$ cat final-v7.csv   # CSV, C-alpha atoms and all ligand atoms
chain,number,residue,atom,x,y,z
L,275,MET,CA,23.7,38.3,-26.4
L,276,LYS,CA,22.6,41.6,-24.7
L,277,THR,CA,19.0,41.2,-23.8
L,278,ILE,CA,17.0,38.2,-22.5
L,279,GLY,CA,13.2,38.0,-22.8
L,280,VAL,CA,11.5,36.0,-20.1
L,281,TYR,CA,7.9,34.7,-20.0
L,282,THR,CA,5.5,32.4,-18.2
L,283,SER,CA,3.2,30.3,-20.2
L,284,GLY,CA,0.4,27.6,-19.7
L,285,GLY,CA,-1.1,27.0,-16.3
L,286,ASP,CA,0.4,29.2,-13.5
L,287,ALA,CA,2.4,27.5,-10.8
L,288,PRO,CA,3.6,28.7,-7.4
L,289,GLY,CA,7.3,29.7,-7.7
L,290,MET,CA,7.0,31.2,-11.2
L,291,ASN,CA,7.6,34.7,-9.7
L,292,ALA,CA,10.7,33.4,-7.8
L,293,CYS,CA,12.0,32.0,-11.1
L,294,VAL,CA,11.5,35.2,-13.1
L,295,ARG,CA,13.2,37.1,-10.2
L,296,ALA,CA,16.2,34.7,-10.5
L,297,VAL,CA,16.4,35.2,-14.2
L,298,VAL,CA,16.3,39.0,-13.9
L,299,ARG,CA,18.9,39.2,-11.1
L,300,THR,CA,21.3,36.7,-12.6
L,301,ALA,CA,21.1,38.4,-16.0
L,302,ILE,CA,21.7,41.8,-14.5
L,303,TYR,CA,24.6,40.4,-12.4
L,304,ASN,CA,26.2,39.3,-15.6
L,305,GLY,CA,25.7,42.7,-17.4
L,306,LEU,CA,22.7,41.7,-19.4
L,307,ASN,CA,19.3,43.4,-19.9
L,308,VAL,CA,16.0,41.7,-19.3
L,309,LYS,CA,12.5,42.2,-20.8
L,310,GLY,CA,9.4,40.6,-19.5
L,311,ILE,CA,6.9,39.3,-22.0
L,312,MET,CA,3.4,39.5,-20.7
L,313,ARG,CA,0.9,36.6,-21.0
L,314,GLY,CA,3.3,34.2,-22.5
L,315,TYR,CA,3.1,33.8,-26.3
L,316,GLU,CA,0.0,36.1,-26.4
L,317,GLY,CA,2.2,39.0,-25.3
L,318,MET,CA,4.9,38.1,-27.7
L,319,ILE,CA,2.4,38.3,-30.5
L,320,SER,CA,0.8,41.6,-29.3
L,321,GLY,CA,4.1,43.2,-28.3
L,322,GLU,CA,3.2,43.5,-24.7
L,323,ILE,CA,6.8,43.6,-23.5
L,324,ILE,CA,8.1,45.5,-20.4
L,325,ASP,CA,11.6,46.4,-19.1
L,326,LEU,CA,12.6,44.5,-16.0
L,327,ASP,CA,15.2,45.7,-13.5
L,328,ARG,CA,16.3,44.5,-10.1
L,329,GLN,CA,13.6,46.5,-8.4
L,330,SER,CA,10.8,45.3,-10.6
L,331,VAL,CA,11.2,41.8,-9.1
L,332,ALA,CA,11.4,42.9,-5.5
L,333,ASN,CA,8.9,41.5,-3.0
L,334,LEU,CA,7.8,38.8,-5.4
L,335,ILE,CA,9.6,35.7,-4.1
L,336,GLN,CA,6.7,34.8,-1.7
L,337,ARG,CA,3.9,35.4,-4.2
L,338,GLY,CA,1.9,32.7,-6.0
L,339,GLY,CA,0.7,33.1,-9.5
L,340,THR,CA,2.8,35.0,-12.0
L,341,PHE,CA,3.1,38.8,-12.2
L,342,LEU,CA,3.9,38.5,-15.9
L,343,LYS,CA,0.5,36.8,-16.3
L,344,THR,CA,0.1,33.7,-18.4
L,345,ALA,CA,-2.0,32.3,-21.2
L,346,ARG,CA,-2.4,29.3,-23.5
L,347,SER,CA,-2.0,30.8,-27.0
L,348,THR,CA,-3.7,29.2,-30.0
L,349,GLU,CA,-2.4,32.0,-32.4
L,350,PHE,CA,1.2,31.1,-31.6
L,351,MET,CA,0.5,27.6,-33.1
L,352,THR,CA,0.2,29.3,-36.5
L,353,PRO,CA,3.1,30.5,-38.6
L,354,GLU,CA,1.5,33.9,-38.9
L,355,GLY,CA,1.3,34.2,-35.1
L,356,ARG,CA,4.9,33.2,-34.7
L,357,LYS,CA,6.0,35.8,-37.4
L,358,LYS,CA,4.3,38.6,-35.5
L,359,ALA,CA,6.0,37.3,-32.3
L,360,TYR,CA,9.4,37.3,-34.0
L,361,ASP,CA,8.9,40.9,-35.3
L,362,ASN,CA,8.2,42.0,-31.7
L,363,VAL,CA,11.1,40.1,-30.3
L,364,ILE,CA,13.4,41.8,-32.7
L,365,ALA,CA,11.8,45.2,-32.3
L,366,ASN,CA,12.5,44.9,-28.6
L,367,GLY,CA,16.1,44.0,-29.0
L,368,ILE,CA,15.6,40.6,-27.5
L,369,ASP,CA,18.2,38.0,-28.5
L,370,ALA,CA,17.5,35.1,-26.3
L,371,LEU,CA,14.4,33.7,-24.4
L,372,VAL,CA,13.7,31.9,-21.2
L,373,CYS,CA,10.3,30.1,-21.2
L,374,ILE,CA,8.8,29.0,-17.9
L,375,GLY,CA,6.0,26.5,-18.4
L,376,GLY,CA,4.9,23.0,-19.3
L,377,ASN,CA,4.9,20.7,-22.3
L,378,GLY,CA,2.9,23.0,-24.6
L,379,SER,CA,5.1,26.0,-23.7
L,380,TYR,CA,8.2,23.9,-24.5
L,381,THR,CA,6.7,22.9,-27.9
L,382,GLY,CA,6.1,26.5,-28.8
L,383,ALA,CA,9.7,27.4,-27.8
L,384,LYS,CA,11.2,24.6,-29.8
L,385,ILE,CA,9.4,25.5,-33.0
L,386,PHE,CA,10.2,29.2,-32.5
L,387,THR,CA,13.9,28.4,-32.1
L,388,GLU,CA,13.9,26.2,-35.1
L,389,GLU,CA,12.1,28.7,-37.3
L,390,TYR,CA,13.9,31.9,-36.2
L,391,GLY,CA,17.2,30.8,-34.6
L,392,ILE,CA,16.5,32.7,-31.3
L,393,PRO,CA,18.2,30.7,-28.5
L,394,CYS,CA,15.6,29.6,-26.0
L,395,ILE,CA,15.8,27.8,-22.6
L,396,GLY,CA,12.8,26.0,-21.2
L,397,LEU,CA,12.2,25.8,-17.4
L,398,PRO,CA,9.7,23.3,-15.9
L,399,GLY,CA,6.9,25.3,-14.4
L,400,THR,CA,3.7,23.3,-13.7
L,401,ILE,CA,2.1,21.8,-10.6
L,402,ASP,CA,1.7,18.4,-12.4
L,403,ASN,CA,5.4,17.3,-12.1
L,404,ASP,CA,4.9,15.5,-15.4
L,405,LEU,CA,7.9,16.9,-17.3
L,406,TYR,CA,10.8,14.8,-18.4
L,407,GLY,CA,14.3,16.0,-17.5
L,408,THR,CA,13.8,17.1,-13.9
L,409,ASP,CA,12.9,15.3,-10.7
L,410,TYR,CA,10.5,18.0,-9.7
L,411,THR,CA,8.8,20.9,-11.5
L,412,ILE,CA,8.3,24.4,-10.1
L,413,GLY,CA,5.0,24.5,-8.2
L,414,TYR,CA,4.6,20.8,-7.5
L,415,ASP,CA,5.8,20.9,-3.9
L,416,THR,CA,3.4,23.7,-3.0
L,417,ALA,CA,0.5,22.0,-4.8
L,418,ILE,CA,0.9,18.7,-3.0
L,419,ASN,CA,1.1,20.5,0.3
L,420,THR,CA,-2.1,22.5,-0.5
L,421,ALA,CA,-3.9,19.3,-1.5
L,422,LEU,CA,-2.6,17.6,1.7
L,423,ASP,CA,-3.8,20.4,3.9
L,424,ALA,CA,-7.3,20.0,2.3
L,425,ILE,CA,-7.2,16.2,2.8
L,426,ASP,CA,-6.3,16.6,6.4
L,427,LYS,CA,-9.4,18.8,6.9
L,428,ILE,CA,-11.6,16.4,5.0
L,429,ARG,CA,-10.3,13.6,7.2
L,430,ASP,CA,-11.8,15.3,10.2
L,431,THR,CA,-15.3,15.1,8.7
L,432,ALA,CA,-14.7,11.6,7.3
L,433,HIS,CA,-13.8,10.5,10.8
L,434,SER,CA,-16.6,12.3,12.6
L,435,HIS,CA,-19.4,11.1,10.2
L,436,GLU,CA,-17.8,7.8,9.4
L,437,ARG,CA,-17.9,8.5,5.7
L,438,VAL,CA,-15.8,7.6,2.6
L,439,PHE,CA,-14.4,10.6,0.9
L,440,ILE,CA,-13.3,10.5,-2.7
L,441,VAL,CA,-10.9,13.4,-3.3
L,442,GLU,CA,-10.1,14.4,-6.9
L,443,VAL,CA,-6.8,16.2,-7.5
L,444,MET,CA,-5.2,17.7,-10.5
L,445,GLY,CA,-2.3,16.3,-12.6
L,446,ARG,CA,-3.7,16.3,-16.1
L,447,ASP,CA,-2.7,12.8,-17.5
L,448,SER,CA,-0.3,11.9,-14.7
L,449,GLY,CA,-0.7,10.6,-11.1
L,450,PHE,CA,2.3,12.3,-9.4
L,451,ILE,CA,0.1,14.6,-7.3
L,452,ALA,CA,-2.4,11.9,-6.4
L,453,LEU,CA,0.1,9.3,-5.4
L,454,ASP,CA,2.2,11.6,-3.3
L,455,VAL,CA,-0.8,13.1,-1.6
L,456,ALA,CA,-2.4,9.7,-1.0
L,457,ILE,CA,0.8,8.5,0.8
L,458,ALA,CA,1.3,11.7,2.8
L,459,GLY,CA,-2.4,11.9,3.6
L,460,GLY,CA,-2.7,8.3,4.8
L,461,ALA,CA,-5.3,7.5,2.1
L,462,GLU,CA,-6.8,4.1,1.7
L,463,GLY,CA,-6.6,4.2,-2.0
L,464,ALA,CA,-4.8,6.1,-4.9
L,465,LEU,CA,-6.4,6.0,-8.3
L,466,ILE,CA,-3.9,7.1,-10.9
L,467,PRO,CA,-3.6,6.7,-14.7
L,468,GLU,CA,-0.3,4.8,-14.3
L,469,ASP,CA,-1.8,1.9,-12.3
L,470,ILE,CA,-4.5,-0.1,-14.1
L,471,GLU,CA,-5.2,-2.3,-11.1
L,472,ASP,CA,-6.0,0.6,-8.7
L,473,TRP,CA,-9.8,0.2,-9.0
L,474,ASP,CA,-9.7,-3.5,-8.1
L,475,LYS,CA,-7.6,-2.6,-5.1
L,476,VAL,CA,-10.2,-0.1,-3.9
L,477,ILE,CA,-13.1,-2.6,-4.4
L,478,LYS,CA,-11.1,-5.2,-2.5
L,479,HIS,CA,-10.4,-2.6,0.3
L,480,PHE,CA,-14.2,-2.2,0.9
L,481,SER,CA,-15.0,-5.9,0.7
L,482,ARG,CA,-15.9,-7.5,4.1
L,483,GLU,CA,-12.4,-8.8,4.7
L,484,GLY,CA,-10.7,-5.7,3.4
L,485,ARG,CA,-12.8,-3.3,5.5
L,486,ARG,CA,-11.3,-4.2,8.9
L,487,GLN,CA,-12.6,-2.1,11.7
L,488,LYS,CA,-12.2,1.1,9.8
L,489,SER,CA,-15.3,3.3,9.7
L,490,PHE,CA,-14.0,5.9,7.4
L,491,SER,CA,-11.7,6.2,4.4
L,492,ILE,CA,-10.1,8.6,2.0
L,493,ILE,CA,-9.6,7.7,-1.6
L,494,VAL,CA,-7.5,10.0,-3.8
L,495,VAL,CA,-8.2,10.0,-7.5
L,496,ALA,CA,-6.1,11.8,-10.2
L,497,GLU,CA,-8.3,13.8,-12.6
L,498,GLY,CA,-6.8,11.8,-15.5
L,499,ASP,CA,-7.6,8.4,-14.1
L,500,GLU,CA,-9.2,6.1,-16.6
L,501,GLN,CA,-12.0,5.1,-14.1
L,502,GLY,CA,-13.3,8.7,-14.2
L,503,GLY,CA,-13.4,11.6,-11.8
L,504,ALA,CA,-14.6,11.7,-8.2
L,505,LEU,CA,-18.3,12.0,-9.1
L,506,ILE,CA,-18.3,9.0,-11.4
L,507,LEU,CA,-16.4,6.9,-8.9
L,508,GLU,CA,-18.8,7.9,-6.1
L,509,LYS,CA,-21.7,6.4,-8.2
L,510,LYS,CA,-19.7,3.3,-9.1
L,511,LEU,CA,-18.7,2.6,-5.6
L,512,ALA,CA,-22.2,3.2,-4.2
L,513,ALA,CA,-23.5,0.7,-6.8
L,514,ILE,CA,-21.2,-2.0,-5.4
L,515,TYR,CA,-21.4,-1.1,-1.7
L,516,PRO,CA,-24.8,0.6,-1.0
L,517,ASP,CA,-24.1,0.7,2.7
L,518,LEU,CA,-21.2,3.1,2.4
L,519,LYS,CA,-21.8,6.8,3.1
L,520,ILE,CA,-19.8,8.4,0.3
L,521,ARG,CA,-19.0,12.0,-0.5
L,522,SER,CA,-16.7,13.4,-3.2
L,523,THR,CA,-14.7,16.6,-3.3
L,524,ILE,CA,-12.9,18.1,-6.3
L,525,LEU,CA,-10.0,20.2,-5.1
L,526,GLY,CA,-9.6,22.1,-8.4
L,527,HIS,CA,-7.7,25.3,-8.9
L,528,VAL,CA,-7.1,25.8,-5.2
L,529,GLN,CA,-4.0,23.6,-5.9
L,530,ARG,CA,-2.5,26.1,-8.3
L,531,GLY,CA,-2.5,29.1,-6.0
L,532,GLY,CA,-0.8,30.2,-2.8
L,533,SER,CA,2.6,31.3,-1.6
L,534,PRO,CA,5.3,28.9,-2.9
L,535,SER,CA,6.9,26.5,-0.4
L,536,ALA,CA,10.5,26.9,0.5
L,537,ARG,CA,11.4,23.9,-1.8
L,538,ASP,CA,9.6,25.6,-4.7
L,539,ARG,CA,11.3,28.9,-4.1
L,540,ILE,CA,14.7,27.3,-4.0
L,541,LEU,CA,14.1,25.1,-7.1
L,542,ALA,CA,12.7,28.1,-9.0
L,543,SER,CA,15.7,30.3,-8.0
L,544,ARG,CA,18.2,27.6,-9.0
L,545,LEU,CA,16.6,27.0,-12.3
L,546,GLY,CA,16.1,30.7,-13.2
L,547,SER,CA,19.7,31.4,-12.5
L,548,GLU,CA,20.9,28.2,-14.4
L,549,ALA,CA,18.9,29.2,-17.5
L,550,VAL,CA,20.8,32.5,-17.8
L,551,LYS,CA,24.1,30.7,-17.3
L,552,ALA,CA,23.2,28.2,-20.0
L,553,LEU,CA,22.5,31.0,-22.4
L,554,ILE,CA,25.8,32.7,-21.5
L,555,ASP,CA,27.5,29.3,-22.2
L,556,GLY,CA,25.9,29.3,-25.7
L,557,GLN,CA,23.2,26.8,-25.1
L,558,LYS,CA,20.3,27.2,-27.6
L,559,SER,CA,17.4,24.8,-27.4
L,560,ILE,CA,17.3,22.9,-24.2
L,561,THR,CA,15.4,22.7,-20.9
L,562,VAL,CA,17.1,22.9,-17.5
L,563,GLY,CA,16.1,20.7,-14.6
L,564,ILE,CA,17.5,19.3,-11.4
L,565,VAL,CA,18.1,15.5,-11.4
L,566,ASN,CA,19.6,13.9,-8.2
L,567,ASP,CA,20.3,17.5,-7.0
L,568,GLN,CA,22.5,18.2,-10.0
L,569,VAL,CA,21.7,20.6,-12.8
L,570,SER,CA,20.6,18.7,-15.9
L,571,TYR,CA,20.1,19.8,-19.5
L,572,THR,CA,17.6,18.1,-21.8
L,573,GLU,CA,17.0,18.7,-25.6
L,574,PHE,CA,13.6,20.1,-26.2
L,575,ASP,CA,12.6,17.1,-28.2
L,576,LEU,CA,13.3,14.7,-25.4
L,577,ALA,CA,11.8,17.0,-22.8
L,578,ILE,CA,8.6,17.2,-24.8
L,579,HIS,CA,8.3,13.5,-25.8
L,580,GLY,CA,10.1,11.7,-23.0
L,581,LYS,CA,7.8,10.0,-20.5
L,582,LYS,CA,8.5,10.6,-16.8
L,583,SER,CA,7.0,7.7,-14.8
L,584,VAL,CA,5.7,7.6,-11.3
L,585,SER,CA,7.7,5.3,-9.1
L,586,LYS,CA,6.4,1.7,-8.9
L,587,ASP,CA,7.8,1.5,-5.4
L,588,LEU,CA,5.6,4.3,-4.3
L,589,ILE,CA,2.5,2.6,-5.9
L,590,GLN,CA,3.4,-0.5,-3.8
L,591,LEU,CA,4.0,1.6,-0.7
L,592,ALA,CA,0.6,3.3,-1.0
L,593,GLU,CA,-1.0,-0.2,-1.3
L,594,ILE,CA,0.9,-1.6,1.7
L,595,LEU,CA,0.2,1.3,3.9
L,596,ALA,CA,-3.5,1.3,3.1
L,597,THR,CA,-4.0,-2.2,4.4
L,601,LIG,O1,-1.3,21.8,-16.0
L,601,LIG,C1,-1.7,22.3,-14.8
L,601,LIG,C2,-3.2,22.1,-14.7
L,601,LIG,O2,-3.6,22.7,-13.4
L,601,LIG,C3,-3.6,20.6,-14.7
L,601,LIG,O3,-3.4,19.9,-13.5
L,601,LIG,C4,-5.1,20.8,-15.1
L,601,LIG,O4,-5.5,19.6,-15.8
L,601,LIG,C5,-5.1,22.0,-16.0
L,601,LIG,O5,-3.9,22.7,-15.7
L,601,LIG,C6,-6.3,22.9,-15.8
L,601,LIG,O6,-6.2,23.9,-16.8
L,601,LIG,P1,-7.1,25.2,-16.8
L,601,LIG,O7,-6.6,26.1,-15.7
L,601,LIG,O8,-6.9,25.8,-18.1
L,601,LIG,O9,-8.5,24.7,-16.5
$ encode --input "final-v7.csv" --output "structure tokens"
Amino acid sequence: MKTIGVYTSGGDAPGMNACVRAVVRTAIYNGLNVKGIMRGYEGMISGEIIDLDRQSVANLIQRGGTFLKTARSTEFMTPEGRKKAYDNVIANGIDALVCIGGNGSYTGAKIFTEEYGIPCIGLPGTIDNDLYGTDYTIGYDTAINTALDAIDKIRDTAHSHERVFIVEVMGRDSGFIALDVAIAGGAEGALIPEDIEDWDKVIKHFSREGRRQKSFSIIVVAEGDEQGGALILEKKLAAIYPDLKIRSTILGHVQRGGSPSARDRILASRLGSEAVKALIDGQKSITVGIVNDQVSYTEFDLAIHGKKSVSKDLIQLAEILAT
């Protein structure tokens, strides 16, 4: 192995730049070359590939987004698209890949390795924290702190106007962001796909007995919750309790941006470096994560299909602290 190609793919996440930086610097430290593939699989297909040296990743560790850009590629899902990608990989002398992204990006990398035998290491880059094989994904810590900051601000208005605020956060089909943010933000309810009793808990909370002396409330809802998003819930709750003054806020993509937290920078740096070490050690088709503060390797298949669950203890904690 002489040259590693690195790319970011899927939704951007704070810390992706720190991760690419760690890949580049660890590879060069070990006498390897690095090429950056722009826009994930799109750039692999179009041949948009650049040389990366130590200097090209300077002053990046603190920046959100990804300087390599990112995309969700439909063409890479076709054999023709992957053949074009393979031709460009070979033309650029790339003999191993590091893919930073989420589940869809892992799936692309797995198929590509199977078809063309190019070793590929997947690194968990998504704000959703929904990837098996790692306790935390790159970008998650920053995203929950961004959401928390917004909730603290919303709380001021909720308190001043004695209103109920329903705050919708991202997370795709998972409730990691919503649950953590609800606990950290002192919310009165967390609606997440993993808890089917959450809506009943909210209704109970606003019943006469449940309401206590509280004149305002924050309810956090995960975008993937089966009850629907914030706007739907606002209508549902208003229909049951017409006396409540309810507003909803969808935090949206603000959760994806911003300077990565210290935790994310450290996680990204560790994982970027470990991916290069794994390739040097001859690993071919795995993801690298951190579990209980130890580096952990997971076969692509398991990383893609394994289900990471939110903690039942945290669901209970959110409920207890909301009473
Ligand atoms: O996977 C990250 C994520 O931000 C999810 O939380 C969200 O569902 C999705 O991406 C949004 O995707 P897009 O940026 O394409 O709208």
$ closest_atom_pairs --input "final-v7.csv" --of "chain L" --to "ligand LIG 601 (chain L)" --cutoff "6 Å" --atoms "only C-alpha atoms and all ligand atoms" --output "tab-separated table"
residue	atom	partner	partner_atom	distance
L:Gly285	CA	L:LIG601	C1	5.0
L:Thr400	CA	L:LIG601	C1	5.6
L:Ile401	CA	L:LIG601	C1	5.7
L:Asp402	CA	L:LIG601	O3	5.4
L:Met444	CA	L:LIG601	O3	4.1
L:Gly445	CA	L:LIG601	O3	3.9
L:Arg446	CA	L:LIG601	O4	3.8
$ closest_atom_pairs --input "final-v7.csv" --of "region 403-471 of chain L" --to "region 499-519 of chain L" --cutoff "7 Å" --atoms "only C-alpha atoms" --output "JSON lines"
{"residue": "L:Arg437", "atom": "CA", "partner": "L:Lys519", "partner_atom": "CA", "distance": 5.0}
{"residue": "L:Val438", "atom": "CA", "partner": "L:Lys519", "partner_atom": "CA", "distance": 6.1}
{"residue": "L:Ile440", "atom": "CA", "partner": "L:Ala504", "partner_atom": "CA", "distance": 5.8}
{"residue": "L:Val441", "atom": "CA", "partner": "L:Ala504", "partner_atom": "CA", "distance": 6.4}
{"residue": "L:Glu442", "atom": "CA", "partner": "L:Ala504", "partner_atom": "CA", "distance": 5.4}
{"residue": "L:Leu465", "atom": "CA", "partner": "L:Asp499", "partner_atom": "CA", "distance": 6.4}
{"residue": "L:Ile466", "atom": "CA", "partner": "L:Asp499", "partner_atom": "CA", "distance": 5.1}
{"residue": "L:Pro467", "atom": "CA", "partner": "L:Asp499", "partner_atom": "CA", "distance": 4.4}
$ atom_distance --input "final-v7.csv" --atom1 "CA of Ser491 (chain L)" --atom2 "CA of Phe439 (chain L)"
6.2 Å
$ closest_residue --input "final-v7.csv" --among "L:Asp538, L:Glu436, L:Asp415, L:Glu593" --to "Lys475 (chain L)" --atoms "all atoms listed in the file"
L:Glu593
$ atom_distance --input "final-v7.csv" --atom1 "CA of Gly314 (chain L)" --atom2 "CA of Phe350 (chain L)"
9.8 Å
$ atom_distance --input "final-v7.csv" --atom1 "CA of Asp325 (chain L)" --atom2 "CA of Gly546 (chain L)"
17.4 Å
$ residues_around --input "final-v7.csv" --residues "Cys373 (chain L)" --least-positions-apart "2" --cutoff "8 Å" --atoms "only C-alpha atoms" --output "list in words"
Val280, Tyr281, Thr282, Ser283, Leu371, Gly375, Ser379, Tyr380, Ala383, Cys394, Ile395, Gly396 and Leu397 of chain L
$ residues_around --input "final-v7.csv" --residues "Ile594 (chain L)" --least-positions-apart "6" --cutoff "12 Å" --atoms "all atoms listed in the file" --output "count of residues only"
10
$ residues_around --input "final-v7.csv" --residues "Gln557 (chain L)" --least-positions-apart "2" --cutoff "12 Å" --atoms "all atoms listed in the file" --output "list of chain:residue names"
L:Met275, L:Ala370, L:Leu371, L:Val372, L:Thr387, L:Gly391, L:Ile392, L:Pro393, L:Cys394, L:Ile395, L:Gly396, L:Glu548, L:Ala549, L:Val550, L:Lys551, L:Ala552, L:Leu553, L:Ile554, L:Asp555, L:Ser559, L:Ile560, L:Thr561, L:Val562, L:Tyr571, L:Thr572, L:Glu573, L:Phe574
$ residues_around --input "final-v7.csv" --residues "Val331 (chain L)" --least-positions-apart "5" --cutoff "12 Å" --atoms "all atoms listed in the file" --output "MDAnalysis selection string"
chainID L and resid 290:300 302 308:310 325:326 336:337 340:342
$ closest_residue --input "final-v7.csv" --among "L:Thr381, L:Ile323, L:Lys586, L:Ile451" --to "Tyr410 (chain L)" --atoms "all atoms listed in the file"
L:Ile451
$ residues_near_point --input "final-v7.csv" --point "(-4.3, 18.6, 1.0)" --cutoff "12 Å" --atoms "all atoms listed in the file" --output "JSON list (two decimals) with C-alpha atoms, in the frame of the given file"
[["chain", "number", "residue", "atom", "x", "y", "z"],
["L", 415, "ASP", "CA", 5.80, 20.90, -3.90],
["L", 416, "THR", "CA", 3.40, 23.70, -3.00],
["L", 417, "ALA", "CA", 0.50, 22.00, -4.80],
["L", 418, "ILE", "CA", 0.90, 18.70, -3.00],
["L", 419, "ASN", "CA", 1.10, 20.50, 0.30],
["L", 420, "THR", "CA", -2.10, 22.50, -0.50],
["L", 421, "ALA", "CA", -3.90, 19.30, -1.50],
["L", 422, "LEU", "CA", -2.60, 17.60, 1.70],
["L", 423, "ASP", "CA", -3.80, 20.40, 3.90],
["L", 424, "ALA", "CA", -7.30, 20.00, 2.30],
["L", 425, "ILE", "CA", -7.20, 16.20, 2.80],
["L", 426, "ASP", "CA", -6.30, 16.60, 6.40],
["L", 427, "LYS", "CA", -9.40, 18.80, 6.90],
["L", 428, "ILE", "CA", -11.60, 16.40, 5.00],
["L", 429, "ARG", "CA", -10.30, 13.60, 7.20],
["L", 441, "VAL", "CA", -10.90, 13.40, -3.30],
["L", 442, "GLU", "CA", -10.10, 14.40, -6.90],
["L", 443, "VAL", "CA", -6.80, 16.20, -7.50],
["L", 444, "MET", "CA", -5.20, 17.70, -10.50],
["L", 451, "ILE", "CA", 0.10, 14.60, -7.30],
["L", 452, "ALA", "CA", -2.40, 11.90, -6.40],
["L", 454, "ASP", "CA", 2.20, 11.60, -3.30],
["L", 455, "VAL", "CA", -0.80, 13.10, -1.60],
["L", 456, "ALA", "CA", -2.40, 9.70, -1.00],
["L", 457, "ILE", "CA", 0.80, 8.50, 0.80],
["L", 458, "ALA", "CA", 1.30, 11.70, 2.80],
["L", 459, "GLY", "CA", -2.40, 11.90, 3.60],
["L", 460, "GLY", "CA", -2.70, 8.30, 4.80],
["L", 461, "ALA", "CA", -5.30, 7.50, 2.10],
["L", 492, "ILE", "CA", -10.10, 8.60, 2.00],
["L", 494, "VAL", "CA", -7.50, 10.00, -3.80],
["L", 523, "THR", "CA", -14.70, 16.60, -3.30],
["L", 524, "ILE", "CA", -12.90, 18.10, -6.30],
["L", 525, "LEU", "CA", -10.00, 20.20, -5.10],
["L", 526, "GLY", "CA", -9.60, 22.10, -8.40],
["L", 528, "VAL", "CA", -7.10, 25.80, -5.20],
["L", 529, "GLN", "CA", -4.00, 23.60, -5.90]]
$ residues_around --input "final-v7.csv" --residues "Arg537 (chain L)" --least-positions-apart "2" --cutoff "10 Å" --atoms "all atoms listed in the file" --output "list in words"
Gly289, Tyr410, Ile412, Gly413, Tyr414, Asp415, Thr416, Pro534, Ser535, Arg539, Ile540, Leu541, Ala542 and Ser543 of chain L
$ closest_residue --input "final-v7.csv" --among "L:Thr348, L:Asp404, L:Arg328, L:Tyr390" --to "Ile578 (chain L)" --atoms "all atoms listed in the file"
L:Asp404
$ residues_near_point --input "final-v7.csv" --point "(17.6, 20.6, -9.8)" --cutoff "7 Å" --atoms "all atoms listed in the file" --output "PyMOL selection string"
chain L and resi 408+541+545+563-565+567-569
$ closest_residue --input "final-v7.csv" --among "L:Gly556, L:Gly321, L:Gly449, L:Pro288" --to "Ala365 (chain L)" --atoms "only C-alpha atoms"
L:Gly321
$ build_atoms --input "final-v7.csv" --residues "region 531-543 of chain L" --atoms "N, CA and C atoms" --output "tab-separated table (two decimals), keeping the file's coordinate frame"
chain	number	residue	atom	x	y	z
L	531	GLY	N	-2.83	27.79	-6.57
L	531	GLY	CA	-2.50	29.10	-6.00
L	531	GLY	C	-1.68	29.00	-4.72
L	532	GLY	N	-1.47	30.16	-4.14
L	532	GLY	CA	-0.80	30.20	-2.80
L	532	GLY	C	0.66	30.53	-2.89
L	533	SER	N	1.16	30.92	-1.73
L	533	SER	CA	2.60	31.30	-1.60
L	533	SER	C	3.42	30.00	-1.82
L	534	PRO	N	4.46	30.09	-2.64
L	534	PRO	CA	5.30	28.90	-2.90
L	534	PRO	C	6.00	28.41	-1.63
L	535	SER	N	6.14	27.10	-1.52
L	535	SER	CA	6.90	26.50	-0.40
L	535	SER	C	8.36	26.86	-0.53
L	536	ALA	N	9.09	26.63	0.54
L	536	ALA	CA	10.50	26.90	0.50
L	536	ALA	C	11.20	26.07	-0.61
L	537	ARG	N	10.78	24.80	-0.73
L	537	ARG	CA	11.40	23.90	-1.80
L	537	ARG	C	11.14	24.52	-3.17
L	538	ASP	N	9.92	25.01	-3.42
L	538	ASP	CA	9.60	25.60	-4.70
L	538	ASP	C	10.42	26.87	-4.98
L	539	ARG	N	10.56	27.68	-3.93
L	539	ARG	CA	11.30	28.90	-4.10
L	539	ARG	C	12.78	28.63	-4.44
L	540	ILE	N	13.31	27.61	-3.78
L	540	ILE	CA	14.70	27.30	-4.00
L	540	ILE	C	14.91	26.67	-5.39
L	541	LEU	N	14.01	25.75	-5.75
L	541	LEU	CA	14.10	25.10	-7.10
L	541	LEU	C	13.96	26.21	-8.17
L	542	ALA	N	12.97	27.09	-8.01
L	542	ALA	CA	12.70	28.10	-9.00
L	542	ALA	C	13.95	29.07	-9.10
L	543	SER	N	14.55	29.39	-7.97
L	543	SER	CA	15.70	30.30	-8.00
L	543	SER	C	16.90	29.63	-8.66
